[in-house]
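**Q** Before we start, here is the structure in question, set down as C-alpha cells.
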Amino acid sequence: MNIEKKLRRVTRIGSYGIVIQNNNILLIKKQKGCYLGLLDLPGGGIEFDETPEDALKRELIEEVGLKIEKFTMFANFAHSCEVLKINDPFHFHHLGLIYKIDRWEHIENAIPEEIFGWYPYQKIDLELLTPFAKSSIEALES
C-alpha cells in the first residue's frame with residue numbers, strides 16, 4: 001500500500017511582509033509548525049472573508065507591533081513538503097503572497113506575539129530561513 005495516498009493534504013495561503021531598514025531585514029523566529037526554529041518573514045494565514053492586504057496589516061500588528069502604511073506586491077511563492085508528525089503526517093502546500101513594506105510605524109506599547117529581530121539580509125545564512133524568507137532574500141539580491 002502506498003503511504004503517499006494515505007496522507008491528508010493541507011493547503012495554507014498567507015500574506016507576508018519584507019521590512020528592510022539599514023540593510024537589515026525583519027524576521028521572526030518560528031515557535032511552532034513545520035518550520036520550527038527557522039527565521040521567517042512576519043505574516044500569516046488569510047482568514048475567511050479577509051483580503052490578503054488586510055491579513056498582512058493584521059499579522060504585522062499582531063506579530064511584530066508594526067502598523068504598515070505603504071506596501072507593494074513583491075512576489076508570490078509556493079512550497080510543498082511532507083510534515084511527518086508521529087500521529088498525523090500530512091502533505092503541506094504553502095502559498096505565500098509577499099509584499100514589500102515601504103513605510104511603517106512602530107505601535108507604542110504593542111506586545112508582539114513573536115520573537116523577532118533585524119538581520120543583515122545580504123550576509124544571513126540561508127539555511128536558517130524558511131522557504132519563503134529564503135526565496136524573498138534571493139529575489140531581493142537578484
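By order in the C-alpha cells, chains are A, B, ...; within a chain, residues start at 1; ligands start at 1, following the order shown.
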Which neighbours of stretch 28-34 of chain A fall inside 8 Å, counting only C-alpha atoms, when residues of the same chain fewer than 6 positions from it are skipped, and could you give them as a VMD selection string?

**A** chain A and resid 40 to 42 83 114 to 117

**Q** Using C-alpha atoms, can you write the selected residues to a file as a compact mmCIF listing (two decimals), in the first residue's frame?

**A**
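Output below, filename again-v3.txt:
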# COMPACT_ATOMS: atom_id res chain seq x y z
CA ASP A 40 10.64 33.75 8.70
CA LEU A 41 9.03 36.85 7.29
CA PRO A 42 6.35 38.31 9.55
CA VAL A 83 5.09 17.02 7.61
CA GLU A 114 6.56 36.65 18.12
CA ILE A 115 10.26 36.75 18.90
CA PHE A 116 11.80 38.91 16.18
CA GLY A 117 14.96 40.74 15.22

**Q** Tell me, as a compact mmCIF listing (two decimals) with N, CA and C atoms, in the first residue's frame, which residues lie within 12 Å of A:Glu138, counting only C-alpha atoms; anything in the same chain fewer than 3 positions away does not count.

**A**
# COMPACT_ATOMS: atom_id res chain seq x y z
N ALA A 75 6.22 39.47 -4.68
CA ALA A 75 6.33 38.16 -5.33
C ALA A 75 5.28 37.23 -4.73
N TYR A 121 20.44 41.12 5.74
CA TYR A 121 19.94 40.15 4.76
C TYR A 121 20.97 39.76 3.71
N GLN A 122 21.98 40.58 3.49
CA GLN A 122 22.99 40.23 2.49
C GLN A 122 24.04 39.26 3.03
N LYS A 123 24.03 39.02 4.34
CA LYS A 123 25.03 38.15 4.95
C LYS A 123 24.42 36.96 5.70
N ILE A 124 23.11 36.86 5.73
CA ILE A 124 22.46 35.84 6.55
C ILE A 124 22.67 34.44 5.96
N ASP A 125 22.81 33.46 6.84
CA ASP A 125 22.93 32.06 6.42
C ASP A 125 21.55 31.60 5.94
N LEU A 126 21.43 31.31 4.66
CA LEU A 126 20.13 30.94 4.08
C LEU A 126 19.56 29.65 4.67
N LEU A 129 16.67 29.94 7.27
CA LEU A 129 15.43 30.58 6.84
C LEU A 129 14.37 29.59 6.37
N PRO A 131 11.41 28.53 3.66
CA PRO A 131 11.46 28.64 2.19
C PRO A 131 11.06 30.02 1.66
N PHE A 132 10.01 30.64 2.20
CA PHE A 132 9.58 31.95 1.70
C PHE A 132 10.60 33.04 2.03
N ALA A 133 11.16 33.01 3.23
CA ALA A 133 12.17 34.00 3.59
C ALA A 133 13.40 33.85 2.70
N LYS A 134 13.81 32.61 2.48
CA LYS A 134 14.97 32.35 1.62
C LYS A 134 14.71 32.84 0.19
N SER A 135 13.57 32.48 -0.38
CA SER A 135 13.24 32.90 -1.74
C SER A 135 13.14 34.42 -1.85
N GLU A 141 18.20 40.09 -3.88
CA GLU A 141 19.59 40.21 -4.30
C GLU A 141 19.77 40.07 -5.81
N SER A 142 18.72 39.65 -6.51
CA SER A 142 18.88 39.46 -7.97
C SER A 142 18.54 40.71 -8.76

**Q** Determine which residues of stretch 17-127 of chain A DSSP labels as strand (DSSP E or B) from the backbone of this structure, then write them out as a PyMOL selection string.

**A** chain A and resi 17-21+24-29+39-40+43-45+66-83+90-106+116-120

**Q** Of the residues A:Arg103, A:Leu128, A:Trp118, A:Gly96, which is the one nearest to A:Asn22, using only C-alpha atoms?

**A** A:Trp118

**Q** Hey, which of A:Asn24, A:Leu36, A:Ile46, A:Ile98 ends up closest to A:Phe71? Count only C-alpha atoms.

**A**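 Closest to A:Phe71 of all the choices is A:Ile98.
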
**Q** Which neighbours of stretch 48-53 of chain A fall inside 8 Å, counting only C-alpha atoms, when residues of the same chain fewer than 3 positions from it are skipped, and could you give them as a JSON list (two decimals) with N, CA and C atoms, in the first residue's frame?

**A**
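Written file, result27.json:
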[["chain", "number", "residue", "atom", "x", "y", "z"],
["A", 14, "GLY", "N", -1.04, 32.50, 2.75],
["A", 14, "GLY", "CA", -0.72, 33.57, 3.69],
["A", 14, "GLY", "C", -0.16, 34.80, 3.01],
["A", 15, "SER", "N", -0.18, 35.89, 3.75],
["A", 15, "SER", "CA", 0.41, 37.16, 3.33],
["A", 15, "SER", "C", 1.60, 37.45, 4.24],
["A", 56, "LEU", "N", -2.25, 40.95, 5.89],
["A", 56, "LEU", "CA", -0.89, 41.46, 6.07],
["A", 56, "LEU", "C", -0.86, 42.53, 7.17],
["A", 57, "LYS", "N", -1.77, 43.48, 7.11],
["A", 57, "LYS", "CA", -1.83, 44.54, 8.11],
["A", 57, "LYS", "C", -2.05, 43.96, 9.51],
["A", 97, "LEU", "N", 1.89, 35.14, -0.45],
["A", 97, "LEU", "CA", 1.84, 36.42, -1.15],
["A", 97, "LEU", "C", 2.79, 37.34, -0.40]]

**Q** Distance atom CA of A:Lys6-atom CA of A:Gly44, one decimal place?

**A**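 So the answer is 27.4 Å.
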